[in-house]
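Chemist: Below is a structure I'd like to ask you about.
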Amino acid sequence: MLFNIVYQFGDALAFLLLSAIGLAVIFGMMKIINLAHGEFITVGAYGTVVSGKVFNLPLPIAMAAGVIITIIFGLILEKLIIRYLYGRPLDSVVATWGISLIVSQSFLVIFGPSYEGLQTPLGNFKLGDYSYAEYRIFLILFAFLLLGLLYILFMKTSFGTLARATIEKPEIASSMGVNISNVYSTTFAIGAGLAGITGALYAPTMTIVPSIGQAFIVSAFITVVTAGASPFIGLIPAASFLSTVQTSVTFFYKATIGIIALLFSVILIIRFLPKGFSGLITKQK
Amino acid sequence: MIKIIKKNKLPFITFVILSIFPFFIDSYYLNNISYFMCWTFISLGLALIWGMGGVLSFGQTAFFGLAGYSFAVISINFIGVFGVGIWSVILALLITTLFGLIVGYFLFYGGIYDVFIGIVTLAITLVLETYLQQTAGPEYAIGEARLNGFNGMQGMPTIGIQDLQYGLIEGVTQYYFILILAIITLIFLYRFKNSKLGLIFLASKEDRNRVASLGHNVQKVQLIAFVIASLLAGISGILYTNWGGYITPSSMGLVAAALPVVWVAASGKKDFFSVFIGTIFLVWLSQTLAINGAQFAIIVMGLILVISTRFFPDGIILMFKNKLIEKIKWLQS
C-alpha cells in the first residue's frame with residue numbers, strides 16, 4: 001500500500017519534471033513563452049514511433065532518431081521565426097500558438113487521428129497485490145539524471161556561462177566577443193531536444209495522437225513557474241511539492257479534484273512565494 | 001459629437017456601413033455577423049489591460065464562462081418570472097464583476113506581475129473548466145438548473161422583454177443591440193484612454209514603480225482596468241450564450257483562453273478599433289476556413305498568426321488601418 005502511493009507519487013513527479021524540462025530552458029531561461037512546447041514533445045513522440053515502425057529500429061535508436069528530429073525542427077524554427085522574438089516575450093505567445101496549430105494539424109493531416117503506438121519496454125513486477133511497470137521506475141530515475149546533466153551543462157561548463165551571460169545582457173556579451181546568435185540557437189536547440197526526449201520517452205506509454213502535446217503543456221508551465229528564477233535548482237522541489245498535492249488529493253477524492261488542487265496550489269505559490277522554490281533555496285544559502 | 005466624428009472618420013464610416021447591413025443581407029449572414037461581434041467585447045477588454053497596461057491575462061475566458069453560466073443558471077431558475085430576461089443579465093454581470101474584483105485584488109495587491117499574472121489567470125480558467133467538466137451527475141444542480149458536465153447548459157430564455165415587439169434580443173434586434181453596445185464600448189474605451197486614470201494606467205506599463213513614486217495609486221488603477229475588462233468579457237459570455245442558446249465548459253479551456261490573446265495581438269493591441277475589426281475578421285476567417293478548407297483551415301490560421309507577428313509586430317489590422325489613412329488624405333483629421 002505504501003509502495004503504491006510512492007509509485008503514484010513518483011509517476012506524477014516524473015511526468016511533471018519531464019514535461020517541464022525543455023520548457024525550463026526555453027521559457028525559464030530564454031523567457032520565450034513557448035505555447036508550442038507541447039508540439040515539440042509531439043514531434044519527439046512521432047519521430048520515435050514513426051522511425052521505429054517504418055525502419056523497424058530497436059526502441060533506443062528510434063528514440064534517438066525522435067530526439068534528433070526534434071532538435072532539427074527546433075533549429076529551423078529558431079532560424080525562421082523565434083530569433084525575431086527575443087526580448088518580445090508577449091509577442092512570442094502569438095507566434096508559438098500559431099506554430100502549435102500548424103504542427104498539430106499537420107500531424108493530423110499526415111498521420112490521421114491516431115497512430116499505432118509502440119509496446120512499453122521492460123516488464124512488470126509484482127509487489128503485494130499490485131503489479132508495477134519497470135519502465136515507469138526508469139522514467140523517474142532518468143528524469144533526475146537528465147536534470148543533473150542539465151544543471152552541470154548550464155552551471156559548470158563554459159558554454160553554460162556564455163549562455164547565461166548572453167540571455168542576461170545580450171549587448172554586453174556581444175561586445176565581449178560572444179557570438180550571441182549562435183548561443184541563442186544552441187540554447188533553443190537544447191530546449192527543443194529536451195522536449196524531444198520527453199516525447200520519445202512517453203511515446204511507448206501513450207496512444208499517439210496529434211494532440212498528445214496538449215497533455216504536457218499545462219503541467220510544464222506550472223512547474224517551471226513555481227520553480228522560479230533559477231529553474232534547474234527549483235524544478236525538483238517544485239515538482240515534488242506539486243505531485244505531492246496532486247497524488248494526495250487524488251488519493252482521498254478523485255482525479256479532477258486533484259487537478260483543481262494542483263492549480264490552486266500554483267496560484268498560492270505564486271502569491272506567497274513570488275520567486276518560486278529556487279528563490280526559497282538561494283535565500284537560505 | 002461632430003468633433004469626435006471628424007477625428008475618427010474611419011470608425012464612423014465603418015459603423016455607418018455596419019448599421020445599414022440589415023437592409024441588404026439576409027438573416028443568415030446577419031446572424032453570423034452578430035456572432036462575430038459577440039466576441040469583440042472580450043477582445044476589447046483584453047486590449048484595454050494588455051495593450052494599454054501591459055497586463056497579459058488568460059483570465060478573460062474565465063469571466064466569459066462565469067457570466068455565461070451565471071446567466072444560464074439564474075434565468076433557467078426564474079424562467080417565466082417577469083423581466084427575467086433583463087435582470088438575470090444584470091445579476092450575472094454583477095457576479096462577474098465581483099469575481100473580477102476579487103481576482104484583480106488578489107493579483108495587483110498581492111504583488112503578482114508580468115508573466116505570473118498570465119499563469120495565475122490561466123490556472124483560474126482551467127480550475128473552472130475542470131470543475132464544470134465533472135458536473136455531469138444530477139447532484140450538480142443549482143436550484144432547477146443542472147450543470148450537465150461536458151455537454152454544458154442549454155434551454156435558457158432569450159435576453160429581453162417577452163410580449164413586446166422587438167423586445168427580445170434575437171435576429172435583427174440582436175444585431176443592432178450588439179452593434180450599439182460595441183459603439184458605446186468603443187467610445188467609453190477611447191474616453192478612458194484619454195482620462196487621467198487611463199494615462200496613469202498607460203504609464204504603469206512602462207514603469208510602474210516610477211508612476212507609483214510620482215504619487216499615483218497604480219494598483220487601484222490596474223484594478224479598475226481589470227474589472228472593466230472582466231465586465232466586458234462577461235458581456236461577451238452572455239451575448240454568446242444568448243446567441244447560441246448554450247454554454248459549455250470547453251468555452252473556458254486552454255484553447256479558448258488563448259484565442260482572445262491571439263485575436264488582440266494579431267489585430268494590433270494598441271488600437272481598440274483595430275481590435276474590434278480584427279476580432280470580427282479573425283472569427284469570420286476561422287469559421288470560413290473551417291467550413292471550406294476542412295483540415296487545412298487550422299494550418300492556414302496558424303500561418304497567418306506566425307507571419308503577422310514575424311513581419312507586422314504591431315498587428316496586421318492596425319498596419320492596414322494606418323496605410324489606409326496614409327493613402328486617403330480625406331480620412332486624416
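Note on naming: chains are A, B, ... as they come in the C-alpha cells, residues start from 1 per chain, ligands start from 1 in the order shown.
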For chain B against chain A, which residues fall within 7 Å using only C-alpha atoms, given as a ChimeraX atom specification?

Modeler: /B:110,112,120,123,127,130,262,265,295,298-299,302-303,305-306,309-310

Chemist: For the helix (DSSP H, G or I) assignment from backbone DSSP, which residues of stretch 52-116 of chain A qualify? Please present them as a PDB file with C-alpha atoms, in the first residue's frame.

Modeler:
```
ATOM      1  CA  GLY A  52      10.587   2.793 -35.090  1.00  0.00           C
ATOM      2  CA  LYS A  53       7.714   1.424 -37.198  1.00  0.00           C
ATOM      3  CA  VAL A  54       8.873   2.360 -40.682  1.00  0.00           C
ATOM      4  CA  LEU A  59      13.437   1.353 -29.384  1.00  0.00           C
ATOM      5  CA  PRO A  60      16.540   3.193 -28.052  1.00  0.00           C
ATOM      6  CA  ILE A  61      17.679   4.035 -31.608  1.00  0.00           C
ATOM      7  CA  ALA A  62      14.157   5.091 -32.583  1.00  0.00           C
ATOM      8  CA  MET A  63      14.107   7.356 -29.533  1.00  0.00           C
ATOM      9  CA  ALA A  64      17.440   8.884 -30.520  1.00  0.00           C
ATOM     10  CA  ALA A  65      16.042   9.467 -34.015  1.00  0.00           C
ATOM     11  CA  GLY A  66      12.997  11.173 -32.478  1.00  0.00           C
ATOM     12  CA  VAL A  67      15.196  13.468 -30.410  1.00  0.00           C
ATOM     13  CA  ILE A  68      17.413  14.373 -33.380  1.00  0.00           C
ATOM     14  CA  ILE A  69      14.337  15.175 -35.486  1.00  0.00           C
ATOM     15  CA  THR A  70      13.061  17.472 -32.723  1.00  0.00           C
ATOM     16  CA  ILE A  71      16.428  19.248 -32.480  1.00  0.00           C
ATOM     17  CA  ILE A  72      16.463  19.853 -36.248  1.00  0.00           C
ATOM     18  CA  PHE A  73      12.863  21.036 -36.072  1.00  0.00           C
ATOM     19  CA  GLY A  74      13.769  23.409 -33.228  1.00  0.00           C
ATOM     20  CA  LEU A  75      16.775  24.783 -35.095  1.00  0.00           C
ATOM     21  CA  ILE A  76      14.726  25.502 -38.221  1.00  0.00           C
ATOM     22  CA  LEU A  77      12.025  27.251 -36.177  1.00  0.00           C
ATOM     23  CA  GLU A  78      14.636  29.311 -34.374  1.00  0.00           C
ATOM     24  CA  LYS A  79      16.200  30.460 -37.646  1.00  0.00           C
ATOM     25  CA  LEU A  80      12.872  31.273 -39.288  1.00  0.00           C
ATOM     26  CA  ILE A  82      11.938  32.575 -32.907  1.00  0.00           C
ATOM     27  CA  ARG A  83      15.082  34.681 -33.304  1.00  0.00           C
ATOM     28  CA  TYR A  84      12.939  37.695 -34.152  1.00  0.00           C
ATOM     29  CA  PRO A  89       8.032  37.824 -24.721  1.00  0.00           C
ATOM     30  CA  LEU A  90       4.375  38.723 -25.207  1.00  0.00           C
ATOM     31  CA  ASP A  91       4.541  38.509 -29.000  1.00  0.00           C
ATOM     32  CA  SER A  92       6.070  35.074 -28.655  1.00  0.00           C
ATOM     33  CA  VAL A  93       2.687  33.933 -27.312  1.00  0.00           C
ATOM     34  CA  VAL A  94       1.003  34.506 -30.656  1.00  0.00           C
ATOM     35  CA  ALA A  95       3.754  33.159 -32.884  1.00  0.00           C
ATOM     36  CA  THR A  96       4.253  29.982 -30.879  1.00  0.00           C
ATOM     37  CA  TRP A  97       0.484  29.489 -30.643  1.00  0.00           C
ATOM     38  CA  GLY A  98       0.421  29.682 -34.447  1.00  0.00           C
ATOM     39  CA  ILE A  99       3.279  27.175 -34.659  1.00  0.00           C
ATOM     40  CA  SER A 100       1.435  24.834 -32.341  1.00  0.00           C
ATOM     41  CA  LEU A 101      -1.701  24.996 -34.527  1.00  0.00           C
ATOM     42  CA  ILE A 102       0.311  24.315 -37.679  1.00  0.00           C
ATOM     43  CA  VAL A 103       2.244  21.399 -36.210  1.00  0.00           C
ATOM     44  CA  SER A 104      -0.608  19.557 -34.509  1.00  0.00           C
ATOM     45  CA  GLN A 105      -2.891  19.990 -37.509  1.00  0.00           C
ATOM     46  CA  SER A 106      -0.167  18.889 -39.949  1.00  0.00           C
ATOM     47  CA  PHE A 107       0.315  15.719 -37.940  1.00  0.00           C
ATOM     48  CA  LEU A 108      -3.432  15.152 -38.115  1.00  0.00           C
ATOM     49  CA  VAL A 109      -3.395  15.581 -41.906  1.00  0.00           C
ATOM     50  CA  ILE A 110      -0.316  13.390 -42.439  1.00  0.00           C
ATOM     51  CA  PHE A 111      -0.755  10.617 -39.890  1.00  0.00           C
TER      52      PHE A 111
END
```

Chemist: Could you check which of B:Ile142, B:Val81, B:Leu223, B:Ile2 is closest to B:Leu107, using only C-alpha atoms?

Modeler: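 Ranking B:Ile142, B:Val81, B:Leu223, B:Ile2 by distance to B:Leu107, first place goes to B:Leu223.
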
Chemist: Run DSSP on the backbone of this structure and report the residues of stretch 130-173 of chain A it assigns to strand (DSSP E or B), as an NGL selection string.

Modeler: :A and (130-133)

Chemist: Taking only C-alpha atoms into account, which of A:Gly10, A:Gly199, A:Gly28, A:Pro113 comes nearest A:Gly234?

Modeler: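 Smallest distance to A:Gly234 is found for A:Gly28.
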
Chemist: For atom CA of A:Thr166 and atom CA of A:Ile32, determine how far apart the two atoms are, in Å to one decimal place.

Modeler: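 Answer for the atom CA of A:Thr166 to atom CA of A:Ile32 separation: 14.4 Å.
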
Chemist: Can you pull out the residues contacting A:Arg136? Cut-off 9 Å, using only C-alpha atoms, and skip same-chain residues under 3 positions away; I want them as a list of chain:residue names.

Modeler: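 That gives A:Tyr7, A:Gly10, A:Asp11, A:Ala14, A:Tyr132, A:Ala133, A:Leu139, A:Ile140, A:Leu141.
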
Chemist: Which residues are close to stretch 44-57 of chain B, i.e. within 8 Å by only C-alpha atoms, leaving aside same-chain residues fewer than 3 positions away? Reply as a PyMOL selection string.

Modeler: (chain A and resi 90) or (chain B and resi 40-41+60+113-115+117-118+121-122+189+201-205+222+225-226+228-233+260-261+264+269-272+275-276)

Chemist: Write out the residues from the selection above, keeping N, CA and C atoms, as a compact mmCIF listing (two decimals), in the first residue's frame.

Modeler:
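Full text of again-v7.txt as output:
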```txt
# COMPACT_ATOMS: atom_id res chain seq x y z
N LEU A 90 5.82 38.84 -25.04
CA LEU A 90 4.38 38.72 -25.21
C LEU A 90 4.00 38.40 -26.65
N THR B 40 -16.23 40.56 -29.80
CA THR B 40 -15.38 41.75 -29.79
C THR B 40 -15.19 42.29 -28.37
N PHE B 41 -16.18 42.08 -27.49
CA PHE B 41 -16.09 42.69 -26.15
C PHE B 41 -14.96 42.07 -25.33
N GLN B 60 -9.63 36.28 -19.13
CA GLN B 60 -10.83 36.81 -19.78
C GLN B 60 -11.83 35.69 -20.05
N TYR B 113 3.05 40.00 -10.87
CA TYR B 113 3.25 40.81 -12.06
C TYR B 113 3.65 39.99 -13.26
N ASP B 114 3.66 40.67 -14.40
CA ASP B 114 4.19 40.15 -15.67
C ASP B 114 3.62 38.79 -16.02
N VAL B 115 4.54 37.87 -16.31
CA VAL B 115 4.10 36.59 -16.83
C VAL B 115 3.36 35.77 -15.76
N ILE B 117 1.03 36.86 -13.86
CA ILE B 117 -0.39 37.15 -14.00
C ILE B 117 -1.00 36.21 -15.03
N GLY B 118 -0.27 36.01 -16.12
CA GLY B 118 -0.75 35.09 -17.15
C GLY B 118 -0.96 33.69 -16.60
N THR B 121 -3.94 33.59 -13.97
CA THR B 121 -5.26 33.69 -14.60
C THR B 121 -5.56 32.44 -15.42
N LEU B 122 -4.52 31.87 -16.03
CA LEU B 122 -4.73 30.62 -16.77
C LEU B 122 -5.17 29.51 -15.82
N LEU B 189 -14.09 53.29 -24.11
CA LEU B 189 -12.67 52.93 -24.01
C LEU B 189 -11.78 54.08 -24.49
N PHE B 201 -2.62 54.51 -16.13
CA PHE B 201 -2.56 53.09 -16.49
C PHE B 201 -1.57 52.86 -17.62
N LEU B 202 -1.63 53.74 -18.63
CA LEU B 202 -0.72 53.67 -19.77
C LEU B 202 0.73 53.79 -19.31
N ALA B 203 0.96 54.73 -18.38
CA ALA B 203 2.32 54.94 -17.90
C ALA B 203 2.81 53.76 -17.07
N SER B 204 1.88 53.09 -16.36
CA SER B 204 2.28 51.98 -15.50
C SER B 204 2.83 50.82 -16.30
N LYS B 205 2.49 50.77 -17.60
CA LYS B 205 3.02 49.71 -18.45
C LYS B 205 4.53 49.86 -18.61
N GLN B 222 -4.87 49.81 -11.90
CA GLN B 222 -4.81 48.50 -12.55
C GLN B 222 -6.04 47.67 -12.22
N ALA B 225 -9.06 48.93 -14.21
CA ALA B 225 -8.99 48.48 -15.61
C ALA B 225 -9.30 47.00 -15.70
N PHE B 226 -8.78 46.22 -14.75
CA PHE B 226 -9.00 44.78 -14.77
C PHE B 226 -10.48 44.45 -14.61
N ILE B 228 -13.01 46.45 -15.39
CA ILE B 228 -13.69 46.82 -16.64
C ILE B 228 -13.52 45.70 -17.67
N ALA B 229 -12.30 45.18 -17.76
CA ALA B 229 -12.03 44.10 -18.72
C ALA B 229 -12.86 42.86 -18.40
N SER B 230 -13.00 42.56 -17.10
CA SER B 230 -13.78 41.37 -16.75
C SER B 230 -15.26 41.58 -17.08
N LEU B 231 -15.72 42.83 -16.89
CA LEU B 231 -17.11 43.14 -17.25
C LEU B 231 -17.33 42.94 -18.75
N LEU B 232 -16.37 43.43 -19.55
CA LEU B 232 -16.50 43.28 -21.00
C LEU B 232 -16.49 41.82 -21.41
N ALA B 233 -15.61 41.02 -20.77
CA ALA B 233 -15.57 39.59 -21.06
C ALA B 233 -16.91 38.95 -20.69
N PRO B 260 -8.58 34.87 -27.43
CA PRO B 260 -8.62 36.34 -27.36
C PRO B 260 -7.23 36.96 -27.45
N VAL B 261 -6.25 36.30 -26.83
CA VAL B 261 -4.87 36.81 -26.87
C VAL B 261 -4.39 36.86 -28.32
N VAL B 264 -6.28 39.66 -30.32
CA VAL B 264 -5.84 41.01 -29.97
C VAL B 264 -4.44 41.28 -30.51
N LYS B 269 -2.74 45.38 -30.66
CA LYS B 269 -3.30 45.51 -29.32
C LYS B 269 -3.36 46.94 -28.82
N LYS B 270 -2.71 47.87 -29.54
CA LYS B 270 -2.69 49.23 -29.03
C LYS B 270 -3.86 50.06 -29.51
N ASP B 271 -4.65 49.53 -30.43
CA ASP B 271 -5.72 50.33 -31.01
C ASP B 271 -7.05 49.58 -30.90
N PHE B 272 -8.00 50.19 -30.15
CA PHE B 272 -9.25 49.50 -29.89
C PHE B 272 -10.04 49.22 -31.17
N VAL B 275 -8.72 46.29 -32.97
CA VAL B 275 -9.06 45.05 -32.27
C VAL B 275 -10.50 44.66 -32.58
N PHE B 276 -11.39 45.66 -32.63
CA PHE B 276 -12.80 45.39 -32.95
C PHE B 276 -12.91 44.74 -34.33
```

Chemist: Need the shell around A:Thr42: protein/DNA/RNA residues with any atom at most 7 Å away, counting only C-alpha atoms. Skip same-chain ones fewer than 5 positions apart. Format as a PyMOL selection string?

Modeler: chain A and resi 199+210+212-213

Chemist: Take the residues from that selection and put them in a file with N, CA and C atoms, as an mmCIF file, in the first residue's frame.

Modeler:
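Produced file part10.cif, reproduced below:
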```
data_model
loop_
_atom_site.group_PDB
_atom_site.id
_atom_site.type_symbol
_atom_site.label_atom_id
_atom_site.label_comp_id
_atom_site.auth_asym_id
_atom_site.auth_seq_id
_atom_site.Cartn_x
_atom_site.Cartn_y
_atom_site.Cartn_z
ATOM 1 N N GLY A 199 9.097 13.563 -25.339
ATOM 2 C CA GLY A 199 8.195 12.906 -26.288
ATOM 3 C C GLY A 199 8.617 11.472 -26.560
ATOM 4 N N PRO A 210 -2.348 13.372 -32.583
ATOM 5 C CA PRO A 210 -1.732 14.663 -32.889
ATOM 6 C C PRO A 210 -1.780 15.646 -31.721
ATOM 7 N N ILE A 212 -1.213 14.988 -28.630
ATOM 8 C CA ILE A 212 -0.528 14.378 -27.478
ATOM 9 C C ILE A 212 0.194 15.436 -26.631
ATOM 10 N N GLY A 213 0.695 16.494 -27.309
ATOM 11 C CA GLY A 213 1.433 17.534 -26.597
ATOM 12 C C GLY A 213 0.582 18.314 -25.609
#
```

Chemist: Write out as a PyMOL selection string each polymer residue whose atoms come within 6 Å of A:Ala220, counting only C-alpha atoms; drop sequence neighbours fewer than 4 positions from it.

Modeler: chain A and resi 19-20+216

Chemist: Kindly save the residues from that selection, with N, CA and C atoms included, as a compact mmCIF listing (two decimals), in the first residue's frame.

Modeler:
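This went into selection.txt:
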```
# COMPACT_ATOMS: atom_id res chain seq x y z
N SER A 19 7.87 16.89 -18.37
CA SER A 19 7.14 17.83 -19.22
C SER A 19 7.76 19.22 -19.11
N ALA A 20 8.37 19.53 -17.96
CA ALA A 20 8.87 20.89 -17.75
C ALA A 20 10.29 21.08 -18.23
N PHE A 216 0.85 17.76 -21.93
CA PHE A 216 2.03 18.17 -21.19
C PHE A 216 2.06 19.66 -20.87
```
